[in-house]
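Enquirer: Just one file: protein.txt, with compact mmCIF, C-alpha atoms and all ligand atoms.
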# COMPACT_ATOMS: atom_id res chain seq x y z
CA MET A 30 58.85 -51.16 -91.61
CA LYS A 31 56.00 -50.83 -94.10
CA ALA A 32 56.95 -49.34 -97.51
CA PHE A 33 56.00 -45.69 -97.92
CA GLU A 34 56.32 -42.81 -100.37
CA TYR A 35 59.03 -40.32 -99.32
CA THR A 36 58.67 -36.62 -100.16
CA GLU A 37 60.89 -33.60 -99.55
CA PRO A 38 58.94 -30.37 -100.13
CA ARG A 39 60.73 -26.98 -100.20
CA THR A 40 57.89 -24.73 -99.02
CA GLU A 41 55.29 -24.78 -96.24
CA SER A 42 52.41 -24.81 -98.74
CA ASP A 43 53.95 -27.72 -100.71
CA ALA A 44 54.30 -29.65 -97.45
CA VAL A 45 50.67 -29.02 -96.50
CA ALA A 46 49.53 -30.10 -99.99
CA LEU A 47 51.27 -33.45 -99.43
CA LEU A 48 49.51 -34.08 -96.11
CA SER A 49 46.28 -36.08 -95.96
CA ALA A 50 43.15 -35.01 -94.09
CA GLN A 51 42.70 -38.68 -93.21
CA PRO A 52 44.54 -39.50 -89.95
CA GLY A 53 47.33 -42.06 -90.28
CA GLN A 54 47.81 -41.73 -94.06
CA THR A 55 50.72 -39.27 -93.94
CA GLU A 56 53.33 -38.34 -91.33
CA ILE A 57 55.62 -35.33 -90.97
CA LEU A 58 59.30 -36.21 -90.59
CA ALA A 59 61.63 -33.73 -88.86
CA GLY A 60 64.72 -35.11 -87.05
CA GLY A 61 63.10 -38.55 -87.03
CA THR A 62 64.31 -39.49 -83.53
CA ASP A 63 60.77 -40.36 -82.45
CA LEU A 64 58.93 -41.04 -85.72
CA VAL A 65 61.39 -43.52 -87.23
CA GLY A 66 61.32 -45.77 -84.13
CA LEU A 67 57.52 -45.84 -84.21
CA MET A 68 57.54 -46.67 -87.92
CA LYS A 69 60.09 -49.44 -87.42
CA LYS A 70 57.87 -50.99 -84.78
CA MET A 71 54.87 -50.62 -87.14
CA ILE A 72 53.01 -48.59 -84.51
CA ILE A 73 52.67 -45.93 -87.20
CA LYS A 74 52.25 -47.05 -90.83
CA PRO A 75 51.92 -44.01 -93.10
CA GLU A 76 51.49 -44.27 -96.87
CA ARG A 77 53.58 -41.11 -97.29
CA VAL A 78 56.29 -39.41 -95.22
CA VAL A 79 56.76 -35.65 -95.65
CA ASN A 80 60.28 -34.56 -94.70
CA ILE A 81 60.14 -30.88 -93.64
CA MET A 82 63.89 -30.43 -93.09
CA GLU A 83 64.45 -28.83 -96.52
CA ILE A 84 61.95 -26.01 -95.94
CA GLN A 85 64.00 -22.85 -95.49
CA SER A 86 61.35 -20.89 -93.56
CA LEU A 87 61.41 -23.50 -90.79
CA GLN A 88 65.18 -23.28 -90.24
CA ASN A 89 65.56 -19.85 -88.64
CA ILE A 90 65.75 -18.63 -85.08
CA GLU A 91 65.65 -14.87 -84.61
CA GLN A 92 64.79 -12.12 -82.17
CA LEU A 93 62.27 -9.64 -83.58
CA GLU A 94 62.33 -5.88 -82.92
CA ASP A 95 59.61 -6.22 -80.27
CA GLY A 96 61.96 -8.56 -78.36
CA SER A 97 60.05 -11.79 -79.04
CA VAL A 98 62.02 -14.82 -80.24
CA VAL A 99 60.68 -16.78 -83.23
CA ILE A 100 61.96 -20.33 -83.67
CA GLY A 101 61.31 -22.36 -86.83
CA ALA A 102 59.92 -25.85 -86.23
CA ALA A 103 62.97 -27.47 -87.88
CA VAL A 104 65.49 -25.72 -85.62
CA THR A 105 67.35 -28.34 -83.60
CA LEU A 106 67.51 -28.32 -79.82
CA ASP A 107 71.25 -27.58 -79.75
CA GLU A 108 70.76 -24.64 -82.14
CA ILE A 109 68.28 -23.25 -79.62
CA LEU A 110 70.79 -23.70 -76.79
CA ALA A 111 73.40 -21.82 -78.84
CA PHE A 112 71.13 -18.83 -79.57
CA PRO A 113 72.30 -15.93 -77.34
CA TYR A 114 68.86 -14.54 -76.39
CA MET A 115 67.86 -17.91 -74.92
CA GLU A 116 69.56 -16.87 -71.69
CA ASN A 117 66.28 -15.04 -70.96
CA TYR A 118 64.38 -18.32 -71.05
CA PRO A 119 66.15 -20.69 -68.66
CA ALA A 120 62.90 -22.65 -68.22
CA VAL A 121 63.33 -23.80 -71.85
CA THR A 122 67.10 -24.33 -71.79
CA ASP A 123 66.91 -26.22 -68.45
CA ALA A 124 64.41 -28.63 -70.06
CA ILE A 125 66.55 -29.11 -73.20
CA LEU A 126 69.70 -29.69 -71.15
CA GLY A 127 67.75 -32.26 -69.13
CA ILE A 128 67.55 -34.48 -72.24
CA ASN A 129 71.27 -34.97 -71.67
CA SER A 130 72.02 -36.54 -75.04
CA MET A 131 74.26 -34.89 -77.63
CA GLN A 132 72.70 -37.06 -80.33
CA LEU A 133 69.07 -36.20 -79.50
CA GLN A 134 69.87 -32.51 -79.02
CA SER A 135 71.65 -32.21 -82.37
CA GLN A 136 69.12 -34.29 -84.35
CA GLY A 137 65.83 -33.54 -82.57
CA THR A 138 63.90 -30.41 -83.56
CA ILE A 139 61.71 -28.16 -81.45
CA GLY A 140 58.66 -29.00 -83.61
CA GLY A 141 59.29 -32.71 -83.12
CA GLU A 142 59.80 -32.24 -79.40
CA ILE A 143 56.44 -30.57 -78.99
CA CYS A 144 54.64 -33.04 -81.30
CA GLN A 145 56.38 -36.24 -80.14
CA ARG A 146 54.10 -39.13 -79.21
CA PRO A 147 53.76 -40.27 -75.59
CA ARG A 148 56.30 -42.71 -74.15
CA CYS A 149 53.48 -44.90 -72.71
CA TRP A 150 54.75 -48.45 -73.06
CA PHE A 151 51.31 -49.86 -73.86
CA PHE A 152 51.08 -47.43 -76.81
CA ARG A 153 54.65 -48.23 -77.88
CA ASN A 154 53.81 -51.93 -77.83
CA GLY A 155 50.93 -51.38 -80.22
CA THR A 156 47.88 -51.46 -77.97
CA GLY A 157 46.80 -47.84 -78.35
CA LEU A 158 46.70 -44.86 -76.04
CA LEU A 159 43.19 -45.04 -74.69
CA ASP A 160 42.76 -48.60 -73.45
CA ASP A 161 42.60 -47.58 -69.82
CA LYS A 162 41.82 -51.10 -68.51
CA GLN A 163 45.33 -52.32 -69.38
CA VAL A 164 46.83 -49.29 -67.62
CA VAL A 165 44.71 -49.62 -64.49
CA GLU A 166 45.46 -53.35 -64.22
CA GLY A 167 48.99 -53.26 -65.57
CA ASP A 168 52.31 -51.56 -64.87
CA ASN A 169 51.29 -47.92 -64.47
CA ARG A 170 54.28 -46.64 -62.51
CA TYR A 171 55.08 -43.92 -65.08
CA HIS A 172 51.49 -42.96 -65.87
CA ALA A 173 49.43 -39.94 -64.95
CA ILE A 174 48.48 -38.78 -61.47
CA LEU A 175 46.40 -35.80 -62.66
CA GLY A 176 43.82 -35.54 -65.44
CA ASN A 177 43.65 -39.34 -65.43
CA THR A 178 40.00 -40.02 -64.66
CA GLY A 179 39.11 -40.56 -68.35
CA ALA A 180 40.49 -43.17 -70.75
CA ALA A 181 43.80 -41.29 -71.28
CA LYS A 182 46.21 -42.20 -68.51
CA TYR A 183 49.58 -41.70 -70.25
CA VAL A 184 51.73 -38.63 -69.60
CA SER A 185 52.45 -35.99 -72.23
CA GLY A 186 55.79 -36.67 -73.95
CA SER A 187 56.94 -33.10 -74.42
CA ARG A 188 59.60 -32.10 -71.94
CA ILE A 189 59.65 -28.47 -73.08
CA GLY A 190 55.87 -28.00 -73.25
CA PRO A 191 55.44 -27.02 -69.56
CA ALA A 192 58.12 -24.31 -69.88
CA LEU A 193 56.54 -22.94 -73.06
CA ILE A 194 53.15 -22.69 -71.39
CA ALA A 195 54.60 -21.08 -68.24
CA LEU A 196 56.27 -18.45 -70.45
CA GLY A 197 53.09 -17.74 -72.43
CA ALA A 198 54.62 -18.94 -75.74
CA GLN A 199 52.58 -19.36 -78.92
CA VAL A 200 52.73 -21.66 -81.95
CA ARG A 201 52.00 -20.89 -85.59
CA LEU A 202 50.10 -23.56 -87.50
CA VAL A 203 49.36 -23.71 -91.22
CA GLY A 204 46.88 -25.85 -93.09
CA PRO A 205 45.10 -26.25 -96.45
CA ASN A 206 43.72 -23.18 -98.29
CA ASP A 207 46.40 -20.91 -96.82
CA GLN A 208 44.93 -21.38 -93.35
CA GLU A 209 47.19 -19.87 -90.72
CA GLN A 210 46.66 -19.55 -87.00
CA ILE A 211 48.71 -18.49 -84.02
CA ILE A 212 47.54 -20.00 -80.74
CA PRO A 213 48.95 -20.16 -77.19
CA VAL A 214 50.91 -23.36 -76.51
CA ALA A 215 48.48 -23.81 -73.60
CA GLU A 216 45.75 -24.46 -76.18
CA PHE A 217 47.90 -26.65 -78.41
CA PHE A 218 47.99 -29.75 -76.21
CA ARG A 219 44.76 -31.66 -75.66
CA THR A 220 43.61 -35.00 -74.34
CA PRO A 221 42.39 -37.12 -77.29
CA ARG A 222 38.93 -38.64 -77.15
CA SER A 223 39.54 -41.34 -79.77
CA GLU A 224 42.51 -43.24 -81.20
CA HIS A 225 42.15 -41.10 -84.37
CA HIS A 226 42.91 -37.93 -82.41
CA ARG A 227 46.44 -36.85 -81.63
CA GLU A 228 47.64 -35.34 -78.37
CA THR A 229 47.56 -31.86 -79.89
CA VAL A 230 44.95 -29.83 -81.79
CA LEU A 231 46.91 -30.27 -85.05
CA ASP A 232 44.87 -31.92 -87.78
CA SER A 233 46.69 -34.53 -89.85
CA ASN A 234 46.94 -32.03 -92.75
CA GLN A 235 48.35 -29.18 -90.65
CA LEU A 236 51.96 -28.25 -90.00
CA LEU A 237 53.45 -26.55 -86.96
CA THR A 238 55.80 -23.95 -88.45
CA HIS A 239 57.04 -21.70 -85.64
CA LEU A 240 57.24 -21.22 -81.94
CA ILE A 241 57.05 -17.68 -80.58
CA LEU A 242 58.54 -16.83 -77.19
CA PRO A 243 57.24 -13.53 -75.78
CA ALA A 244 59.69 -10.68 -75.22
CA LYS A 245 61.51 -10.93 -71.92
CA GLN A 246 59.85 -8.74 -69.30
CA SER A 247 60.77 -8.46 -65.63
CA ALA A 248 59.48 -11.98 -64.87
CA THR A 249 61.93 -14.76 -64.04
CA ASN A 250 61.52 -18.41 -64.99
CA ALA A 251 62.93 -21.90 -64.41
CA THR A 252 62.30 -25.61 -64.86
CA TYR A 253 63.07 -28.27 -62.26
CA GLU A 254 63.06 -31.98 -63.09
CA VAL A 255 63.23 -34.99 -60.80
CA ARG A 256 65.19 -37.62 -62.74
CA HIS A 257 66.26 -41.23 -62.35
CA GLY A 258 69.86 -40.34 -63.12
CA ALA A 259 71.99 -38.47 -65.62
CA GLY A 260 71.15 -40.51 -68.77
CA PRO A 261 68.87 -39.56 -71.68
CA GLU A 262 65.73 -40.55 -69.82
CA TYR A 263 62.49 -38.71 -69.25
CA PRO A 264 62.06 -37.16 -65.81
CA LEU A 265 59.78 -38.79 -63.27
CA ALA A 266 58.28 -35.42 -62.40
CA ALA A 267 58.89 -31.87 -63.60
CA ALA A 268 57.62 -28.34 -63.24
CA ALA A 269 58.19 -24.97 -64.86
CA ALA A 270 57.48 -21.65 -63.17
CA GLU A 271 57.43 -18.02 -64.18
CA LEU A 272 57.26 -15.36 -61.46
CA GLU A 273 56.71 -11.64 -61.64
CA MET A 274 57.59 -9.90 -58.39
CA ASP A 275 57.26 -6.31 -57.20
CA ALA A 276 60.12 -4.26 -55.76
CA ASN A 277 59.49 -5.79 -52.30
CA GLY A 278 59.79 -9.34 -53.62
CA ILE A 279 56.05 -10.00 -53.42
CA VAL A 280 54.72 -12.25 -56.20
CA ARG A 281 52.42 -10.18 -58.41
CA LYS A 282 51.78 -12.77 -61.08
CA ALA A 283 52.83 -16.40 -61.48
CA SER A 284 52.48 -19.36 -63.76
CA VAL A 285 53.20 -22.94 -62.69
CA VAL A 286 52.98 -25.86 -65.13
CA MET A 287 53.73 -29.47 -64.28
CA GLY A 288 55.19 -32.09 -66.63
CA GLN A 289 55.09 -35.92 -66.57
CA VAL A 290 51.92 -35.91 -64.49
CA ALA A 291 49.02 -35.80 -66.97
CA PRO A 292 48.12 -36.41 -70.64
CA THR A 293 48.89 -32.72 -71.26
CA PRO A 294 51.27 -30.33 -69.52
CA TRP A 295 49.29 -29.50 -66.35
CA VAL A 296 48.65 -25.88 -65.43
CA SER A 297 48.34 -25.51 -61.65
CA ALA A 298 45.97 -22.71 -60.69
CA GLU A 299 46.18 -24.04 -57.11
CA ALA A 300 49.92 -23.33 -56.87
CA VAL A 301 49.47 -19.84 -58.30
CA GLN A 302 46.76 -19.07 -55.77
CA VAL A 303 49.17 -19.86 -52.94
CA LEU A 304 51.98 -17.75 -54.43
CA VAL A 305 50.31 -14.52 -55.44
CA GLY A 306 50.59 -11.77 -52.81
CA LYS A 307 53.40 -13.48 -50.88
CA PRO A 308 57.20 -13.36 -50.93
CA VAL A 309 58.87 -16.55 -52.19
CA THR A 310 60.26 -18.51 -49.25
CA PRO A 311 60.90 -22.27 -48.98
CA GLU A 312 57.70 -22.54 -46.89
CA VAL A 313 55.55 -20.68 -49.44
CA ALA A 314 57.08 -22.70 -52.32
CA GLU A 315 56.36 -25.93 -50.46
CA ALA A 316 52.78 -24.86 -49.76
CA ALA A 317 52.39 -24.13 -53.50
CA GLY A 318 53.79 -27.61 -54.27
CA ARG A 319 51.32 -29.22 -51.86
CA ALA A 320 48.44 -27.28 -53.39
CA ALA A 321 49.53 -28.37 -56.88
CA VAL A 322 49.32 -32.08 -56.02
CA ALA A 323 46.24 -31.86 -53.80
CA PRO A 324 43.91 -32.88 -56.69
CA ALA A 325 46.12 -35.88 -57.65
CA THR A 326 44.44 -39.25 -58.18
CA PRO A 327 47.40 -41.67 -58.36
CA LEU A 328 47.05 -45.13 -59.90
CA SER A 329 48.00 -48.41 -58.19
CA GLN A 330 51.79 -48.05 -58.73
CA ASN A 331 52.52 -44.33 -59.01
CA GLU A 332 51.68 -42.81 -55.64
CA TYR A 333 55.39 -41.93 -55.38
CA LYS A 334 54.94 -39.35 -58.15
CA VAL A 335 52.75 -37.20 -55.90
CA GLN A 336 55.65 -36.40 -53.55
CA MET A 337 58.08 -35.99 -56.46
CA SER A 338 55.74 -33.60 -58.25
CA MET A 339 55.29 -31.58 -55.08
CA VAL A 340 59.08 -31.28 -54.83
CA ALA A 341 59.40 -30.39 -58.54
CA VAL A 342 56.91 -27.53 -58.15
CA LYS A 343 58.56 -26.28 -54.95
CA ARG A 344 62.03 -26.30 -56.51
CA ALA A 345 60.94 -24.78 -59.83
CA ILE A 346 59.47 -21.86 -57.87
CA LEU A 347 62.60 -21.46 -55.73
CA ARG A 348 64.84 -21.66 -58.78
CA ALA A 349 62.72 -19.08 -60.67
CA ALA A 350 63.06 -16.78 -57.64
CA GLY A 351 66.85 -17.25 -57.69
CA LEU A 352 66.88 -19.17 -54.38
CA GLU A 353 68.62 -22.41 -53.38
CA THR A 354 66.54 -25.46 -54.28
CA GLY A 355 68.01 -27.94 -51.78
CA GLY A 356 66.13 -29.57 -48.87
CA PHE A 357 62.55 -30.77 -48.62
C1 LIG A 401 66.24 -42.91 -76.78
C2 LIG A 401 65.39 -41.67 -76.84
C3 LIG A 401 65.35 -40.83 -75.74
C4 LIG A 401 64.59 -39.66 -75.80
N1 LIG A 401 64.60 -38.84 -74.72
C5 LIG A 401 63.89 -37.70 -74.77
C6 LIG A 401 63.87 -36.86 -73.64
O1 LIG A 401 64.52 -37.11 -72.63
N2 LIG A 401 63.11 -35.75 -73.69
C7 LIG A 401 62.39 -35.43 -74.81
O2 LIG A 401 61.71 -34.40 -74.84
N3 LIG A 401 62.39 -36.22 -75.89
C8 LIG A 401 63.12 -37.33 -75.89
N4 LIG A 401 63.09 -38.16 -76.95
C9 LIG A 401 62.07 -37.91 -77.98
C10 LIG A 401 62.42 -37.13 -79.23
O3 LIG A 401 63.40 -37.80 -79.91
C11 LIG A 401 62.86 -35.69 -79.05
O4 LIG A 401 61.94 -35.04 -78.23
C12 LIG A 401 63.03 -34.91 -80.36
O5 LIG A 401 63.12 -33.52 -80.06
C13 LIG A 401 61.95 -35.10 -81.37
O6 LIG A 401 62.27 -34.29 -82.49
P1 LIG A 401 62.45 -34.88 -83.95
O7 LIG A 401 62.72 -33.71 -84.81
O8 LIG A 401 63.43 -35.98 -84.01
O9 LIG A 401 60.98 -35.42 -84.18
P2 LIG A 401 60.37 -36.53 -85.22
O10 LIG A 401 60.74 -37.87 -84.74
O11 LIG A 401 60.81 -36.16 -86.61
O12 LIG A 401 58.87 -36.20 -85.04
C14 LIG A 401 58.21 -36.47 -83.82
C15 LIG A 401 56.69 -36.34 -84.04
O13 LIG A 401 56.36 -34.98 -84.28
C16 LIG A 401 55.74 -34.82 -85.56
N5 LIG A 401 56.27 -33.58 -86.08
C17 LIG A 401 57.57 -33.22 -86.18
N6 LIG A 401 57.68 -31.96 -86.59
C18 LIG A 401 56.43 -31.50 -86.80
C19 LIG A 401 55.90 -30.26 -87.25
N7 LIG A 401 56.68 -29.23 -87.55
N8 LIG A 401 54.55 -30.13 -87.35
C20 LIG A 401 53.74 -31.16 -87.01
N9 LIG A 401 54.18 -32.36 -86.57
C21 LIG A 401 55.51 -32.52 -86.48
C22 LIG A 401 56.12 -36.06 -86.36
O14 LIG A 401 55.18 -36.37 -87.35
C23 LIG A 401 56.18 -37.11 -85.26
O15 LIG A 401 54.89 -37.60 -84.94
C24 LIG A 401 63.84 -39.35 -76.95
C25 LIG A 401 63.89 -40.19 -78.06
C26 LIG A 401 64.65 -41.35 -78.00
C27 LIG A 401 64.68 -42.24 -79.21
Show me this structure written as structure tokens.

Expert:
Amino acid sequence: MKAFEYTEPRTESDAVALLSAQPGQTEILAGGTDLVGLMKKMIIKPERVVNIMEIQSLQNIEQLEDGSVVIGAAVTLDEILAFPYMENYPAVTDAILGINSMQLQSQGTIGGEICQRPRCWFFRNGTGLLDDKQVVEGDNRYHAILGNTGAAKYVSGSRIGPALIALGAQVRLVGPNDQEQIIPVAEFFRTPRSEHHRETVLDSNQLLTHLILPAKQSATNATYEVRHGAGPEYPLAAAAAELEMDANGIVRKASVVMGQVAPTPWVSAEAVQVLVGKPVTPEVAEAAGRAAVAPATPLSQNEYKVQMSMVAVKRAILRAAGLETGGF
């Protein structure tokens, strides 16, 4: 690991003041479960590390009077699971439980989960995120099947991101000169155009401080993941769904977001189009799944993810509707 300056600010503004506008110079440290590994492998070599775990304002999780839930970026994943109002957001808790690791859940924070770097093995072996030739010609079995026609062919690392987008969650960001913005999570993730860009809109001198889950309405939600097995591994395919139905069980409004398929969580307008105006049945859910993967452009070794993603969408919709997920 390269030597670095270690800092431990106590306020959001002190943390921002320690961050550099020049990408790569400084890094934010939360639970460290992702960052430390990357630093040990010298994939990331900051001059200064800014530990945000001593900032009190980032430690709280609370439900506001309007019913929304505000989660500080330094709240750990198991603290989120333990918060009583989270029972309204099974799409989020399903995704956290999917991590299936006591260590990662008690050490990893929600801010770090959303901002974690992609698991792409070319990136993690030091050859960057945007060298698409090596992905096209190499082992691309875990790479993207959607949004992969440009140089970025990795899949977004965040497991919780699709659920947050399906729920209409927002993030609060702060930056220099008391800059503060609250944006939808859907606008937070982006596909970088150069190796200097990150996979989110955060500048290198900005800090994600809070996540805001909207007040629970009548809509229901769920996440479904297709996994290798029960270990702490990323899913092969995943989807989150939120459904709002009328008294007759007809879908009035829906949101379907896929994970592990593209460089960002992937919002499927095609699946929503199939769902709206219909009751949720296994046939309708399957048709929505097929529509979601219709635009897929798999690489040489990941055609299998198309079927898995179809199944993930189908089962996320069935689960959100409170129906059995079994059977294809
Ligand atoms: C063996 C292993 C298995 C894993 N499996 C999973 C998995 O199944 N699913 C999953 O989702 N994750 C997994 N992870 C990844 C990761 O550890 C967790 O997602 C964890 O929640 C990250 O949180 P952290 O607080 O440890 O982040 P850190 O490692 O501290 O930070 C991660 C990144 O986010 C940035 N960051 C952190 N907080 C902020 C903030 N508030 N504002 C701006 N930037 C910030 C850091 O600079 C860094 O780039 C795994 C990691 C390991 C080592």

Enquirer: Using all atoms listed in the file, which residues of chain A come within 8 Å of ligand LIG 401 (chain A), and what is the closest atom pair for each, with the distance in Å to one decimal? Give it as JSON lines, sorted by chain and residue number.

Expert:
{"residue": "A:Glu56", "atom": "CA", "partner": "A:LIG401", "partner_atom": "O14", "distance": 4.8}
{"residue": "A:Ile57", "atom": "CA", "partner": "A:LIG401", "partner_atom": "O14", "distance": 3.8}
{"residue": "A:Leu58", "atom": "CA", "partner": "A:LIG401", "partner_atom": "O11", "distance": 4.3}
{"residue": "A:Ala59", "atom": "CA", "partner": "A:LIG401", "partner_atom": "O11", "distance": 3.4}
{"residue": "A:Gly60", "atom": "CA", "partner": "A:LIG401", "partner_atom": "O7", "distance": 3.3}
{"residue": "A:Gly61", "atom": "CA", "partner": "A:LIG401", "partner_atom": "O11", "distance": 3.3}
{"residue": "A:Thr62", "atom": "CA", "partner": "A:LIG401", "partner_atom": "O8", "distance": 3.7}
{"residue": "A:Asp63", "atom": "CA", "partner": "A:LIG401", "partner_atom": "O10", "distance": 3.4}
{"residue": "A:Leu64", "atom": "CA", "partner": "A:LIG401", "partner_atom": "O10", "distance": 3.8}
{"residue": "A:Val65", "atom": "CA", "partner": "A:LIG401", "partner_atom": "O10", "distance": 6.2}
{"residue": "A:Gly66", "atom": "CA", "partner": "A:LIG401", "partner_atom": "C27", "distance": 6.9}
{"residue": "A:Ile81", "atom": "CA", "partner": "A:LIG401", "partner_atom": "N7", "distance": 7.2}
{"residue": "A:Ala102", "atom": "CA", "partner": "A:LIG401", "partner_atom": "N7", "distance": 4.9}
{"residue": "A:Ala103", "atom": "CA", "partner": "A:LIG401", "partner_atom": "N7", "distance": 6.5}
{"residue": "A:Thr105", "atom": "CA", "partner": "A:LIG401", "partner_atom": "O7", "distance": 7.2}
{"residue": "A:Leu106", "atom": "CA", "partner": "A:LIG401", "partner_atom": "O5", "distance": 6.8}
{"residue": "A:Ala124", "atom": "CA", "partner": "A:LIG401", "partner_atom": "O2", "distance": 8.0}
{"residue": "A:Ile125", "atom": "CA", "partner": "A:LIG401", "partner_atom": "O2", "distance": 7.4}
{"residue": "A:Gly127", "atom": "CA", "partner": "A:LIG401", "partner_atom": "O1", "distance": 6.8}
{"residue": "A:Ile128", "atom": "CA", "partner": "A:LIG401", "partner_atom": "O1", "distance": 4.0}
{"residue": "A:Asn129", "atom": "CA", "partner": "A:LIG401", "partner_atom": "O1", "distance": 7.1}
{"residue": "A:Ser130", "atom": "CA", "partner": "A:LIG401", "partner_atom": "N1", "distance": 7.8}
{"residue": "A:Leu133", "atom": "CA", "partner": "A:LIG401", "partner_atom": "O3", "distance": 5.9}
{"residue": "A:Gln134", "atom": "CA", "partner": "A:LIG401", "partner_atom": "O5", "distance": 6.9}
{"residue": "A:Gln136", "atom": "CA", "partner": "A:LIG401", "partner_atom": "O8", "distance": 5.9}
{"residue": "A:Gly137", "atom": "CA", "partner": "A:LIG401", "partner_atom": "O6", "distance": 3.6}
{"residue": "A:Thr138", "atom": "CA", "partner": "A:LIG401", "partner_atom": "O7", "distance": 3.7}
{"residue": "A:Ile139", "atom": "CA", "partner": "A:LIG401", "partner_atom": "O5", "distance": 5.7}
{"residue": "A:Gly140", "atom": "CA", "partner": "A:LIG401", "partner_atom": "N6", "distance": 4.3}
{"residue": "A:Gly141", "atom": "CA", "partner": "A:LIG401", "partner_atom": "O9", "distance": 3.4}
{"residue": "A:Glu142", "atom": "CA", "partner": "A:LIG401", "partner_atom": "O5", "distance": 3.6}
{"residue": "A:Ile143", "atom": "CA", "partner": "A:LIG401", "partner_atom": "O13", "distance": 6.9}
{"residue": "A:Cys144", "atom": "CA", "partner": "A:LIG401", "partner_atom": "O13", "distance": 3.9}
{"residue": "A:Gln145", "atom": "CA", "partner": "A:LIG401", "partner_atom": "C15", "distance": 3.9}
{"residue": "A:Arg146", "atom": "CA", "partner": "A:LIG401", "partner_atom": "O15", "distance": 6.0}
{"residue": "A:Gly186", "atom": "CA", "partner": "A:LIG401", "partner_atom": "O2", "distance": 6.4}
{"residue": "A:Ser187", "atom": "CA", "partner": "A:LIG401", "partner_atom": "O2", "distance": 5.0}
{"residue": "A:Arg188", "atom": "CA", "partner": "A:LIG401", "partner_atom": "O2", "distance": 4.3}
{"residue": "A:Ile189", "atom": "CA", "partner": "A:LIG401", "partner_atom": "O2", "distance": 6.5}
{"residue": "A:Leu202", "atom": "CA", "partner": "A:LIG401", "partner_atom": "N8", "distance": 7.9}
{"residue": "A:Leu231", "atom": "CA", "partner": "A:LIG401", "partner_atom": "C20", "distance": 7.2}
{"residue": "A:Gln235", "atom": "CA", "partner": "A:LIG401", "partner_atom": "C20", "distance": 6.8}
{"residue": "A:Leu236", "atom": "CA", "partner": "A:LIG401", "partner_atom": "N8", "distance": 4.2}
{"residue": "A:Leu237", "atom": "CA", "partner": "A:LIG401", "partner_atom": "N8", "distance": 3.8}
{"residue": "A:Thr238", "atom": "CA", "partner": "A:LIG401", "partner_atom": "N7", "distance": 5.4}
{"residue": "A:His239", "atom": "CA", "partner": "A:LIG401", "partner_atom": "N7", "distance": 7.8}
{"residue": "A:Pro261", "atom": "CA", "partner": "A:LIG401", "partner_atom": "O1", "distance": 5.1}
{"residue": "A:Glu262", "atom": "CA", "partner": "A:LIG401", "partner_atom": "O1", "distance": 4.6}
{"residue": "A:Tyr263", "atom": "CA", "partner": "A:LIG401", "partner_atom": "O1", "distance": 4.3}
{"residue": "A:Pro264", "atom": "CA", "partner": "A:LIG401", "partner_atom": "O1", "distance": 7.3}

Enquirer: Record the distance separating atom CA of A:Ala321 and atom CA of A:Leu304, expressed in Å with one decimal.

Expert: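 One can read the atom CA of A:Ala321 to atom CA of A:Leu304 distance as 11.2 Å.
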
Enquirer: Grab the atom CA of A:Glu228 to atom CA of A:Pro147 distance for me, in Å with one decimal place.

Expert: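 So the answer is 8.3 Å.
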
Enquirer: Please indicate the distance in Å from atom CA of A:Ile174 to atom CA of A:Ile241, rounded to one decimal place.

Expert: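 Value for the atom CA of A:Ile174-atom CA of A:Ile241 distance: 29.7 Å.
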
Enquirer: Can you sort out the box for stretch 170-177 of chain A, edges along x, y and z, all listed atoms in, 4 Å on every side, with centre and edge lengths in Å to one decimal, as JSON?

Expert:
{"center_x": 49.4, "center_y": -41.1, "center_z": -63.7, "size_x": 19.4, "size_y": 19.1, "size_z": 12.4}

Enquirer: Using all atoms listed in the file, which protein or nucleic acid residues come within 10 Å of A:Leu352? Drop anything in the same chain fewer than 4 positions from it, and give the result as a VMD selection string.

Expert: chain A and resid 309 to 311 344 to 348

Enquirer: For A:Gln88, which of A:Leu240, A:Leu193, A:Val164, A:Cys149 is the closest residue, counting all atoms listed in the file?

Expert: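 Closest candidate: A:Leu240.
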
Enquirer: Which is closer to A:Ala192 than all the others in A:Asn169, A:Asn154, A:Asn234, A:Ser284, using all atoms listed in the file?

Expert: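 The shortest atom-to-atom distance to A:Ala192 comes from A:Ser284.
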
Enquirer: Rank nothing, just name the residue among A:Gln199, A:Thr220, A:Thr354, A:Thr229 nearest to A:Lys182, using all atoms listed in the file.

Expert: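 So, comparing all the options, the nearest one is A:Thr220.
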
Enquirer: For A:Ala173, which residue out of A:Leu47, A:Ala349, A:Ala266, A:Ala276 is the nearest one, using all atoms listed in the file?

Expert: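 Closest to A:Ala173 of all the choices is A:Ala266.
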
Enquirer: May I have the protein, DNA and RNA residues with any atom at most 10 Å from the point (60.5, -33.6, -57.7), counting only C-alpha atoms, written as a list in words?

Expert: Tyr253, Glu254, Val255, Arg256, Pro264, Leu265, Ala266, Ala267, Ala268, Gly318, Lys334, Val335, Gln336, Met337, Ser338, Met339, Val340, Ala341, Val342, Lys343, Arg344, Ala345 and Phe357 of chain A

Enquirer: Hey, which of A:Lys245, A:Arg170, A:Arg227, A:Arg219 ends up closest to A:Ala198? Count only C-alpha atoms.

Expert: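 Closest to A:Ala198, using only C-alpha atoms: A:Lys245.
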
Enquirer: If we count only C-alpha atoms, what is near A:Lys162 at a cut-off of 10 Å, once residues fewer than 3 positions away on the same chain are taken out, given as number ranges by chain?

Expert: A: 159, 165-167, 180, 182

Enquirer: Compare A:Pro205, A:Gly101, A:Gly96, A:Pro327 by their minimum atom-to-atom distance to A:Tyr114, counting all atoms listed in the file, and give me the closest one.

Expert: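 Of the candidates, the smallest distance to A:Tyr114 is held by A:Gly96.
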